[in-house]
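Visitor: Input structure: entry.txt, which contains compact mmCIF, C-alpha atoms and all ligand atoms.
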```txt
# COMPACT_ATOMS: atom_id res chain seq x y z
CA MET M 385 15.99 21.20 20.71
CA SER M 386 12.94 19.20 21.79
CA THR M 387 10.20 21.03 23.65
CA ALA M 388 8.26 17.96 24.67
CA LEU M 389 7.85 18.25 28.42
CA ARG M 390 8.17 14.89 30.10
CA LYS M 391 6.35 14.09 33.32
CA PRO M 392 7.93 16.16 36.13
CA ASP M 393 8.42 15.04 39.70
CA VAL M 394 6.35 17.67 41.48
CA ALA M 395 7.51 16.63 44.95
CA ALA M 396 11.16 16.89 43.89
CA ALA M 397 10.55 20.29 42.37
CA MET M 398 9.08 21.49 45.64
CA SER M 399 12.23 20.56 47.52
CA SER M 400 14.83 21.48 44.93
CA PRO M 401 18.40 22.36 45.94
CA GLY M 402 19.48 25.93 46.52
CA ILE M 403 16.63 26.75 48.89
CA ASP M 404 17.42 28.74 52.02
CA SER M 405 16.01 28.07 55.49
CA SER M 406 12.96 30.26 54.82
CA GLY M 407 11.95 27.97 51.96
CA HIS M 408 13.02 30.52 49.38
CA GLY M 409 15.76 30.37 46.78
CA MET M 410 19.16 31.97 47.34
CA ARG M 411 19.13 35.74 47.05
CA ASN M 412 20.62 37.99 44.42
CA PRO M 413 23.14 40.27 46.14
CA GLY M 414 23.32 42.54 43.08
CA MET M 415 26.43 44.30 41.77
CA SER M 416 27.50 47.80 40.83
CA LEU M 417 25.77 49.41 37.86
CA ASP M 418 27.71 48.46 34.73
CA MET M 419 26.60 50.98 32.11
CA GLY M 420 28.82 49.44 29.42
CA TRP M 421 26.94 46.18 29.78
CA VAL M 422 23.55 47.92 29.89
CA GLU M 423 24.24 49.93 26.73
CA SER M 424 25.57 46.91 24.87
CA VAL M 425 22.22 45.13 25.16
CA ARG M 426 20.29 44.90 21.87
CA VAL M 427 17.21 42.80 21.11
CA ASN M 428 16.34 41.66 17.61
CA ARG M 429 12.52 41.84 17.59
CA SER M 430 11.95 39.67 14.53
CA ALA M 431 14.29 36.97 15.86
CA ALA M 432 12.39 37.04 19.17
CA ASP M 433 9.04 36.75 17.36
CA ARG M 434 10.34 33.90 15.18
CA ARG M 435 11.55 32.04 18.25
CA ILE M 436 8.11 32.26 19.84
CA GLN M 437 6.30 31.28 16.64
CA SER M 438 8.44 28.17 16.45
CA LEU M 439 7.40 27.30 19.99
CA ALA M 440 3.71 27.84 19.21
CA GLY M 441 3.94 25.56 16.17
CA ARG M 442 5.06 22.59 18.23
CA ARG M 443 3.22 20.47 20.72
CA THR M 444 4.86 21.40 24.01
CA VAL M 445 3.59 18.66 26.26
CA LYS M 446 2.86 15.05 25.54
CA LYS M 447 -0.72 14.19 26.48
CA GLU M 448 0.11 11.76 29.26
CA ALA M 449 2.46 14.28 30.88
CA GLN M 450 0.02 17.17 30.76
CA ALA M 451 -1.62 16.65 34.14
CA ALA M 452 1.75 16.52 35.91
CA TRP M 453 2.86 19.73 34.21
CA LEU M 454 -0.37 21.44 35.14
CA LEU M 455 0.25 20.49 38.76
CA LYS M 456 3.72 21.94 38.39
CA ALA M 457 2.14 25.19 37.16
CA VAL M 458 -0.05 25.23 40.29
CA THR M 459 2.99 24.87 42.55
CA CYS M 460 4.62 27.81 40.75
CA MET M 461 1.61 30.12 41.07
CA ASP M 462 1.27 33.34 43.04
CA LEU M 463 -2.48 33.12 43.49
CA THR M 464 -3.51 36.73 43.23
CA THR M 465 -6.28 39.16 43.98
CA LEU M 466 -5.54 42.82 43.26
CA ASN M 467 -8.84 44.56 42.86
CA GLY M 468 -10.34 47.75 44.21
CA ASP M 469 -13.26 45.75 45.60
CA ASP M 470 -11.15 43.16 47.45
CA THR M 471 -12.46 42.27 50.90
CA GLU M 472 -11.18 40.22 53.83
CA GLY M 473 -13.68 37.54 52.90
CA ARG M 474 -12.36 37.28 49.35
CA VAL M 475 -8.76 37.13 50.59
CA ARG M 476 -9.63 34.37 53.08
CA ARG M 477 -11.35 32.35 50.34
CA LEU M 478 -8.31 32.83 48.12
CA CYS M 479 -6.02 31.60 50.90
CA ALA M 480 -8.20 28.53 51.44
CA LYS M 481 -7.87 27.82 47.72
CA ALA M 482 -4.07 28.34 47.83
CA MET M 483 -3.78 25.68 50.56
CA ASN M 484 -5.96 23.20 48.65
CA PRO M 485 -5.76 24.30 45.04
CA VAL M 486 -6.82 20.98 43.52
CA LYS M 487 -9.76 18.88 44.69
CA PRO M 488 -8.60 15.86 46.75
CA SER M 489 -10.66 13.53 44.53
CA LEU M 490 -8.72 14.71 41.46
CA LEU M 491 -5.38 14.29 43.23
CA ALA M 492 -6.42 10.79 44.33
CA ALA M 493 -7.42 9.86 40.78
CA MET M 494 -3.97 10.98 39.60
CA GLY M 495 -2.21 9.06 42.40
CA MET M 496 -1.02 12.36 43.88
CA GLU M 497 -2.91 12.34 47.19
CA GLU M 498 0.32 11.94 49.18
CA ARG M 499 1.91 15.00 47.58
CA ARG M 500 1.28 18.27 49.36
CA ILE M 501 0.24 20.47 46.45
CA THR M 502 -0.21 24.16 47.26
CA THR M 503 0.29 27.34 45.31
CA ALA M 504 3.69 29.04 45.72
CA ALA M 505 2.32 32.20 47.36
CA VAL M 506 -0.73 34.38 47.77
CA CYS M 507 -0.38 37.90 46.35
CA VAL M 508 -2.45 40.77 47.75
CA TYR M 509 -2.43 44.51 48.37
CA HIS M 510 -0.72 45.74 51.54
CA ARG M 511 -4.08 46.23 53.24
CA PHE M 512 -4.74 42.47 53.22
CA VAL M 513 -1.29 41.18 54.22
CA GLY M 514 -2.37 40.61 57.85
CA THR M 515 -5.54 38.81 56.77
CA ALA M 516 -3.63 36.53 54.40
CA VAL M 517 -0.88 35.80 56.95
CA ASP M 518 -3.56 34.82 59.45
CA ALA M 519 -5.50 32.70 56.97
CA LEU M 520 -2.36 30.87 55.79
CA GLN M 521 -1.01 30.17 59.28
CA GLY M 522 0.71 26.82 59.53
CA SER M 523 0.65 26.24 55.77
CA GLY M 524 4.15 27.59 55.04
CA ILE M 525 2.73 29.50 52.07
CA PRO M 526 4.30 32.97 51.93
CA VAL M 527 2.30 36.14 51.44
CA ALA M 528 3.49 38.44 48.66
CA ALA M 529 2.48 42.10 48.89
CA VAL M 530 2.38 44.54 46.02
CA SER M 531 3.90 47.61 47.61
CA THR M 532 5.40 50.90 46.29
CA GLY M 533 2.18 52.50 45.12
CA PHE M 534 1.07 49.60 42.90
CA PRO M 535 0.22 49.69 40.04
CA ALA M 536 1.48 53.10 38.79
CA GLY M 537 4.32 53.47 41.31
CA LEU M 538 4.05 57.24 41.32
CA THR M 539 3.69 57.91 45.04
CA PRO M 540 6.61 59.72 46.75
CA HIS M 541 9.73 57.59 47.08
CA HIS M 542 9.86 57.75 50.90
CA LEU M 543 6.24 56.57 51.10
CA LYS M 544 7.02 53.67 48.79
CA LEU M 545 9.85 52.60 51.08
CA GLN M 546 7.57 53.00 54.09
CA GLU M 547 4.91 50.85 52.41
CA ILE M 548 7.47 48.10 51.84
CA GLU M 549 8.58 48.25 55.47
CA GLU M 550 5.00 48.10 56.70
CA SER M 551 4.20 45.14 54.43
CA VAL M 552 7.24 43.28 55.77
CA ALA M 553 6.28 44.17 59.36
CA ALA M 554 2.79 42.82 58.69
CA GLY M 555 4.28 39.47 57.68
CA ALA M 556 4.83 39.62 53.91
CA ARG M 557 7.77 37.41 52.98
CA GLU M 558 7.81 38.56 49.38
CA ILE M 559 7.41 42.09 48.04
CA ASP M 560 6.42 42.84 44.46
CA ILE M 561 7.61 46.38 43.72
CA VAL M 562 6.81 48.52 40.67
CA ILE M 563 9.51 50.51 38.97
CA THR M 564 9.19 54.13 37.87
CA ARG M 565 8.62 53.69 34.13
CA GLU M 566 9.80 57.23 33.42
CA TYR M 567 13.36 56.25 34.36
CA VAL M 568 13.33 53.63 31.60
CA LEU M 569 11.58 55.80 29.02
CA THR M 570 14.16 58.58 29.54
CA GLY M 571 17.16 56.24 29.77
CA ASN M 572 17.87 57.28 33.36
CA TRP M 573 19.40 53.93 34.31
CA GLN M 574 21.25 55.37 37.30
CA ALA M 575 17.93 56.50 38.84
CA LEU M 576 16.33 53.10 38.16
CA TYR M 577 19.31 51.35 39.74
CA GLU M 578 19.17 53.53 42.85
CA GLU M 579 15.42 53.17 43.19
CA MET M 580 15.67 49.38 42.96
CA LYS M 581 18.55 49.29 45.46
CA ASP M 582 16.48 51.30 47.94
CA TYR M 583 13.54 48.92 47.46
CA ARG M 584 15.80 45.92 47.98
CA ALA M 585 17.23 47.41 51.19
CA ALA M 586 13.74 48.25 52.53
CA CYS M 587 12.66 44.63 51.94
CA GLY M 588 15.23 43.29 54.42
CA ASP M 589 14.90 39.52 54.41
CA ALA M 590 11.77 39.54 52.24
CA HIS M 591 12.43 38.52 48.65
CA VAL M 592 11.86 41.25 46.11
CA LYS M 593 10.23 40.90 42.71
CA ALA M 594 10.71 43.84 40.35
CA ILE M 595 7.63 44.53 38.22
CA LEU M 596 8.81 46.20 35.03
CA ALA M 597 5.30 46.92 33.66
CA THR M 598 6.71 45.87 30.29
CA GLY M 599 3.58 47.00 28.41
CA ASP M 600 4.56 50.57 29.31
CA LEU M 601 8.22 50.33 28.27
CA LYS M 602 7.72 50.69 24.49
CA THR M 603 10.64 48.62 23.16
CA LEU M 604 12.20 45.23 23.74
CA ASN M 605 15.56 46.99 24.20
CA ASN M 606 14.07 48.96 27.09
CA ILE M 607 12.66 45.75 28.60
CA ALA M 608 16.00 43.97 28.31
CA ARG M 609 17.96 46.89 29.79
CA ALA M 610 15.48 47.47 32.62
CA SER M 611 15.67 43.73 33.43
CA LEU M 612 19.43 43.94 33.64
CA VAL M 613 19.52 47.12 35.75
CA CYS M 614 17.00 45.69 38.23
CA MET M 615 19.06 42.50 38.54
CA MET M 616 22.25 44.55 39.05
CA ALA M 617 20.42 46.37 41.86
CA GLY M 618 19.52 43.10 43.58
CA ALA M 619 16.06 42.04 42.33
CA ASP M 620 15.45 38.39 43.27
CA PHE M 621 12.82 38.06 40.52
CA ILE M 622 11.98 40.12 37.48
CA LYS M 623 8.26 40.21 36.76
CA THR M 624 6.58 41.34 33.56
CA SER M 625 3.46 43.27 34.56
CA THR M 626 1.06 44.52 37.17
CA GLY M 627 -1.87 43.03 35.28
CA LYS M 628 -3.18 46.59 34.86
CA GLU M 629 -1.23 47.66 31.73
CA SER M 630 -2.92 47.42 28.34
CA VAL M 631 -0.41 44.71 27.38
CA ASN M 632 0.60 42.34 30.16
CA ALA M 633 2.57 39.05 30.07
CA THR M 634 3.42 37.75 26.60
CA LEU M 635 5.73 34.94 25.48
CA PRO M 636 8.08 37.21 23.44
CA ILE M 637 8.53 39.53 26.43
CA THR M 638 9.16 36.60 28.76
CA MET M 639 11.70 35.28 26.28
CA VAL M 640 13.60 38.59 26.30
CA MET M 641 13.60 38.64 30.11
CA LEU M 642 14.72 35.00 30.32
CA ARG M 643 17.63 35.76 27.98
CA MET M 644 18.71 38.59 30.30
CA ILE M 645 18.45 36.26 33.31
CA ARG M 646 20.63 33.79 31.40
CA GLN M 647 23.18 36.50 30.61
CA TYR M 648 23.20 37.70 34.21
CA GLN M 649 23.75 34.18 35.48
CA ALA M 650 26.52 33.53 32.95
CA LEU M 651 28.40 36.63 34.10
CA THR M 652 27.68 36.63 37.84
CA GLY M 653 26.77 33.02 38.66
CA ILE M 654 23.55 34.30 40.29
CA ARG M 655 20.16 32.81 39.44
CA VAL M 656 17.35 35.35 39.25
CA GLY M 657 13.73 34.24 39.03
CA HIS M 658 11.06 35.20 36.51
CA LYS M 659 7.35 35.93 36.96
CA PRO M 660 5.05 36.45 34.00
CA ALA M 661 1.93 38.12 35.35
CA GLY M 662 -1.27 39.54 34.00
CA GLY M 663 -3.54 37.85 31.48
CA VAL M 664 -2.16 34.32 31.92
CA SER M 665 -5.50 32.61 32.36
CA LYS M 666 -5.43 29.45 30.23
CA ALA M 667 -3.87 26.15 31.26
CA LYS M 668 -2.52 25.72 27.72
CA ASP M 669 -0.65 29.05 27.96
CA SER M 670 0.91 28.03 31.26
CA LEU M 671 2.40 24.99 29.50
CA SER M 672 3.91 27.21 26.78
CA TYR M 673 5.57 29.36 29.45
CA LEU M 674 6.96 26.31 31.24
CA ALA M 675 8.30 24.92 27.95
CA LEU M 676 9.98 28.25 27.17
CA VAL M 677 11.57 28.45 30.61
CA LYS M 678 12.83 24.87 30.30
CA GLU M 679 14.37 25.58 26.91
CA GLU M 680 15.88 28.94 27.76
CA LEU M 681 17.09 28.36 31.32
CA GLY M 682 16.85 24.64 32.03
CA ASP M 683 15.19 22.50 34.67
CA ALA M 684 16.64 24.44 37.62
CA TRP M 685 14.20 27.27 36.88
CA LEU M 686 11.16 24.99 36.85
CA ALA M 687 10.55 25.43 40.56
CA PRO M 688 8.77 28.04 42.69
CA GLU M 689 12.10 29.37 43.95
CA LEU M 690 12.86 30.63 40.44
CA PHE M 691 9.62 30.74 38.51
CA ARG M 692 6.12 32.03 39.29
CA PHE M 693 2.94 32.78 37.44
CA GLY M 694 1.14 35.87 38.73
CA ALA M 695 -2.46 34.98 38.03
CA SER M 696 -5.96 35.43 39.39
CA SER M 697 -7.93 33.04 37.17
CA LEU M 698 -5.40 30.53 35.79
CA LEU M 699 -6.03 28.08 38.62
CA GLY M 700 -9.70 27.70 37.67
CA ASP M 701 -8.83 26.69 34.11
CA ILE M 702 -6.11 24.32 35.29
CA GLU M 703 -8.56 22.61 37.63
CA ARG M 704 -11.02 22.27 34.75
CA GLN M 705 -8.37 20.69 32.54
CA LEU M 706 -7.35 18.31 35.32
CA GLU M 707 -10.98 17.31 35.76
CA HIS M 708 -11.18 16.64 32.04
CA HIS M 709 -8.00 14.56 32.27
CA VAL M 710 -9.49 12.44 35.06
CA GLU M 711 -13.15 12.30 34.10
CA GLY M 712 -13.03 12.81 30.34
CA ALA M 713 -15.51 15.71 30.39
CA TYR M 714 -15.36 19.44 31.10
CA SER M 715 -17.28 20.93 33.99
CA ALA M 716 -18.75 24.43 34.00
CA ASN M 717 -16.49 27.36 34.92
CA HIS M 718 -18.67 28.25 37.91
CA ARG M 719 -17.68 24.97 39.55
CA HIS M 720 -14.12 26.32 39.92
CA PRO M 721 -14.46 29.57 41.86
CA ILE M 722 -11.21 31.08 43.06
CA GLY M 723 -11.82 33.90 45.49
O1 LIG U 1 0.42 39.97 39.46
C1 LIG U 1 -0.59 39.45 39.07
C2 LIG U 1 -1.60 40.03 38.18
O2 LIG U 1 -2.07 41.23 38.67
C3 LIG U 1 -2.72 39.08 37.93
O3 LIG U 1 -3.30 39.40 36.72
P1 LIG U 1 -4.59 38.60 36.16
O4 LIG U 1 -5.73 39.05 37.04
O5 LIG U 1 -4.72 39.08 34.74
O6 LIG U 1 -4.34 37.15 36.27
```
Show me this structure written as structure tokens.
Guide:
Amino acid sequence: MSTALRKPDVAAAMSSPGIDSSGHGMRNPGMSLDMGWVESVRVNRSAADRRIQSLAGRRTVKKEAQAAWLLKAVTCMDLTTLNGDDTEGRVRRLCAKAMNPVKPSLLAAMGMEERRITTAAVCVYHRFVGTAVDALQGSGIPVAAVSTGFPAGLTPHHLKLQEIEESVAAGAREIDIVITREYVLTGNWQALYEEMKDYRAACGDAHVKAILATGDLKTLNNIARASLVCMMAGADFIKTSTGKESVNATLPITMVMLRMIRQYQALTGIRVGHKPAGGVSKAKDSLSYLALVKEELGDAWLAPELFRFGASSLLGDIERQLEHHVEGAYSANHRHPIG
């Protein structure tokens, strides 16, 4: 199968079919917990590694198509700040960047000035949901909140549900929850399923992304099974990491999760989204992820309704690469501040 990414139509991707009236993709209603299916899941680690090595050995994007694919990556980005020293000022600057992620002069040079390029969402802690909603007013860009005691997820269950409800009440249209890793590490799939179902119910109309914190889950089998259980419980997206684990997003882990999304769609007809997050900071890496998604799930997933990058610094590198594409020279990193 060829991995060469041809030039995408960014505008078409931003208005792809299957989007509900809120601008989001259709939701995953979930299903009952099927333990037979969960236990039948096995991942062959060396096959997964080989698959990723084969991807790395090939050129994923033809040079002339690169700029268009980088713009696609921007439109699929949850521009994120999740730091202990976050301030209202930083969140407002981030929101300004989300609304105008690429300099108008660069867009004009690429003939893209008519396209409304924004990031897919802005992702913040609960405390800053109101600030981000205010700063993004009129832009249509949703605010995603990390709720449920992010990043460890070890606060009492009822407080996690309350945090979700308060984030939704404050205007978050997407909620990124964290699962209790212990349920996975002890094989307590019933508890994981129930936890995820409660999170989904507390979200109401807000779309829910399940953060598996894959770096904590020890094995690819655990990652695959946790992906499946969260989808059965109604997760709209499955997301790799909080960005705070020692290992965050990686291509082999994304591949395993994409395969589970494919299996879930084949058996239920439901499309669940994927969000690699944490440590995706280079434009080149974003192209590898897009190529993998295209190969594993097809073009339908190459849209913000079904694919997101969770990233705090990726946008700066993409802007640098776009500048190089237009002007033939790299500018200094400090010329691309994010927040
Ligand atoms: O969900 C998003 C991540 O926390 C962002 O991680 P990053 O700062 O490594 O890009």
Visitor: Have a look at M:Leu466, M:Ala432, M:Val445, M:Ala556 and name the one nearest to ligand LIG 1 (chain U); count all atoms listed in the file.
Guide: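 Residue with the minimum atom-to-atom distance to ligand LIG 1 (chain U): M:Leu466.
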Visitor: Just to confirm, what's the straight-line distance from atom CA of M:Leu454 to atom CA of M:Leu699 in Å (one decimal)?
Guide: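 Here the two named atoms are 9.4 Å from each other.
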Visitor: Of the residues M:Gly657, M:Pro688, M:Gly555, M:Gly618, which is the one nearest to M:Pro413, using all atoms listed in the file?
Guide: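 Among the listed residues, the smallest separation from M:Pro413 belongs to M:Gly618.
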Visitor: Do you have the atom CA of M:Ala675-atom CA of M:Arg704 distance handy?
Guide: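 So the answer is 20.7 Å.
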Visitor: Pick the closest to M:Asp418 from M:Leu612, M:Arg476, M:Val517, M:Gly468: which is it, counting only C-alpha atoms?
Guide: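 Using only C-alpha atoms, M:Asp418 sits closest to M:Leu612.
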Visitor: Once you count all atoms listed in the file, which residues end up within 10 Å of ligand LIG 1 (chain U), and could you hand them over as a ChimeraX atom specification?
Guide: /M:461-467,507-508,528-530,534-535,560,595,623-629,632-633,659-666,692-699
Visitor: Counting all atoms listed in the file, which of M:Leu635, M:Leu642, M:Leu543, M:Leu671 gets nearest to M:Ser438?
Guide: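 Residue with the minimum atom-to-atom distance to M:Ser438: M:Leu635.
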Visitor: Can you work out which one of M:Arg557, M:Ile607, M:Glu703, M:Trp421 has the shortest atom-to-atom distance to M:Asn484, counting all atoms listed in the file?
Guide: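 Residue with the minimum atom-to-atom distance to M:Asn484: M:Glu703.
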Visitor: Select, from M:Glu578, M:Asp600, M:Asp669, M:Asp589, the residue with the minimum atom-to-atom distance to M:Arg565, counting all atoms listed in the file.
Guide: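 Selected residue with least distance to M:Arg565: M:Asp600.
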Visitor: Extract, using all atoms listed in the file, all DNA, RNA and protein residues at most 10 Å from M:Glu423, discarding same-chain residues fewer than 2 positions from it, and format them as a list in words.
Guide: Asp418, Met419, Gly420, Trp421, Val425, Arg426, Gly571, Trp573, Asn605 and Arg609 of chain M
Visitor: Work out how far atom CA of M:Val552 is from atom CA of M:Ser523, in Å to one decimal.
Guide: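 Straight-line distance from atom CA of M:Ser523 to atom CA of M:Val552 works out to 18.3 Å.
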Visitor: Residues at most 8 Å from M:Val475, counting all atoms listed in the file, excluding those fewer than 5 positions away in the same chain, as a list in words?
Guide: Thr465, Asp470, Val508, Phe512, Thr515, Ala516 and Gly723 of chain M
Visitor: For those residues, write C-alpha atoms to a file as a PDB file, in the frame of the given file.
Guide:
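Result written to result-v9.pdb:
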```
ATOM      1  CA  THR M 465      -6.280  39.160  43.980  1.00  0.00           C
ATOM      2  CA  ASP M 470     -11.150  43.160  47.450  1.00  0.00           C
ATOM      3  CA  VAL M 508      -2.450  40.770  47.750  1.00  0.00           C
ATOM      4  CA  PHE M 512      -4.740  42.470  53.220  1.00  0.00           C
ATOM      5  CA  THR M 515      -5.540  38.810  56.770  1.00  0.00           C
ATOM      6  CA  ALA M 516      -3.630  36.530  54.400  1.00  0.00           C
ATOM      7  CA  GLY M 723     -11.820  33.900  45.490  1.00  0.00           C
TER       8      GLY M 723
END
```
Visitor: Where atoms are missing, can you supply N, CA and C atoms for stretch 476-503 of chain M and output the lot as an mmCIF file, keeping the file's coordinate frame?
Guide:
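So part.cif came out as:
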```cif
data_model
loop_
_atom_site.group_PDB
_atom_site.id
_atom_site.type_symbol
_atom_site.label_atom_id
_atom_site.label_comp_id
_atom_site.auth_asym_id
_atom_site.auth_seq_id
_atom_site.Cartn_x
_atom_site.Cartn_y
_atom_site.Cartn_z
ATOM 1 N N ARG M 476 -9.607 35.639 52.323
ATOM 2 C CA ARG M 476 -9.630 34.370 53.080
ATOM 3 C C ARG M 476 -10.009 33.187 52.172
ATOM 4 N N ARG M 477 -10.968 33.430 51.268
ATOM 5 C CA ARG M 477 -11.350 32.350 50.340
ATOM 6 C C ARG M 477 -10.184 32.004 49.416
ATOM 7 N N LEU M 478 -9.470 33.049 48.994
ATOM 8 C CA LEU M 478 -8.310 32.830 48.120
ATOM 9 C C LEU M 478 -7.241 31.996 48.850
ATOM 10 N N CYS M 479 -7.026 32.325 50.114
ATOM 11 C CA CYS M 479 -6.020 31.600 50.900
ATOM 12 C C CYS M 479 -6.431 30.134 51.079
ATOM 13 N N ALA M 480 -7.723 29.915 51.302
ATOM 14 C CA ALA M 480 -8.200 28.530 51.440
ATOM 15 C C ALA M 480 -7.922 27.773 50.145
ATOM 16 N N LYS M 481 -8.114 28.445 49.020
ATOM 17 C CA LYS M 481 -7.870 27.820 47.720
ATOM 18 C C LYS M 481 -6.366 27.547 47.527
ATOM 19 N N ALA M 482 -5.533 28.509 47.980
ATOM 20 C CA ALA M 482 -4.070 28.340 47.830
ATOM 21 C C ALA M 482 -3.583 27.106 48.591
ATOM 22 N N MET M 483 -4.219 26.829 49.742
ATOM 23 C CA MET M 483 -3.780 25.680 50.560
ATOM 24 C C MET M 483 -4.276 24.355 49.980
ATOM 25 N N ASN M 484 -5.394 24.421 49.275
ATOM 26 C CA ASN M 484 -5.960 23.200 48.650
ATOM 27 C C ASN M 484 -6.393 23.549 47.231
ATOM 28 N N PRO M 485 -5.411 23.779 46.349
ATOM 29 C CA PRO M 485 -5.760 24.300 45.040
ATOM 30 C C PRO M 485 -6.420 23.283 44.109
ATOM 31 N N VAL M 486 -6.250 22.010 44.392
ATOM 32 C CA VAL M 486 -6.820 20.980 43.520
ATOM 33 C C VAL M 486 -7.654 20.036 44.391
ATOM 34 N N LYS M 487 -8.863 19.726 43.910
ATOM 35 C CA LYS M 487 -9.760 18.880 44.690
ATOM 36 C C LYS M 487 -9.093 17.559 45.068
ATOM 37 N N PRO M 488 -9.218 17.119 46.323
ATOM 38 C CA PRO M 488 -8.600 15.860 46.750
ATOM 39 C C PRO M 488 -8.987 14.681 45.854
ATOM 40 N N SER M 489 -10.244 14.669 45.360
ATOM 41 C CA SER M 489 -10.660 13.530 44.530
ATOM 42 C C SER M 489 -9.851 13.490 43.225
ATOM 43 N N LEU M 490 -9.523 14.674 42.692
ATOM 44 C CA LEU M 490 -8.720 14.710 41.460
ATOM 45 C C LEU M 490 -7.301 14.228 41.744
ATOM 46 N N LEU M 491 -6.742 14.711 42.873
ATOM 47 C CA LEU M 491 -5.380 14.290 43.230
ATOM 48 C C LEU M 491 -5.344 12.772 43.428
ATOM 49 N N ALA M 492 -6.379 12.237 44.080
ATOM 50 C CA ALA M 492 -6.420 10.790 44.330
ATOM 51 C C ALA M 492 -6.479 10.030 43.007
ATOM 52 N N ALA M 493 -7.285 10.545 42.074
ATOM 53 C CA ALA M 493 -7.420 9.860 40.780
ATOM 54 C C ALA M 493 -6.103 9.884 40.007
ATOM 55 N N MET M 494 -5.272 10.890 40.300
ATOM 56 C CA MET M 494 -3.970 10.980 39.600
ATOM 57 C C MET M 494 -2.855 10.320 40.419
ATOM 58 N N GLY M 495 -3.214 9.706 41.546
ATOM 59 C CA GLY M 495 -2.210 9.060 42.400
ATOM 60 C C GLY M 495 -1.317 10.071 43.091
ATOM 61 N N MET M 496 -1.834 11.288 43.306
ATOM 62 C CA MET M 496 -1.020 12.360 43.880
ATOM 63 C C MET M 496 -1.498 12.751 45.279
ATOM 64 N N GLU M 497 -2.327 11.919 45.914
ATOM 65 C CA GLU M 497 -2.910 12.340 47.190
ATOM 66 C C GLU M 497 -1.870 12.507 48.290
ATOM 67 N N GLU M 498 -0.724 11.826 48.147
ATOM 68 C CA GLU M 498 0.320 11.940 49.180
ATOM 69 C C GLU M 498 1.145 13.212 49.025
ATOM 70 N N ARG M 499 1.111 13.796 47.831
ATOM 71 C CA ARG M 499 1.910 15.000 47.580
ATOM 72 C C ARG M 499 1.191 16.212 48.144
ATOM 73 N N ARG M 500 1.915 17.072 48.814
ATOM 74 C CA ARG M 500 1.280 18.270 49.360
ATOM 75 C C ARG M 500 1.345 19.357 48.284
ATOM 76 N N ILE M 501 0.271 19.477 47.533
ATOM 77 C CA ILE M 501 0.240 20.470 46.450
ATOM 78 C C ILE M 501 -0.399 21.748 46.980
ATOM 79 N N THR M 502 0.358 22.838 46.937
ATOM 80 C CA THR M 502 -0.210 24.160 47.260
ATOM 81 C C THR M 502 0.288 25.135 46.201
ATOM 82 N N THR M 503 -0.296 26.327 46.187
ATOM 83 C CA THR M 503 0.290 27.340 45.310
ATOM 84 C C THR M 503 1.586 27.835 45.969
#
```
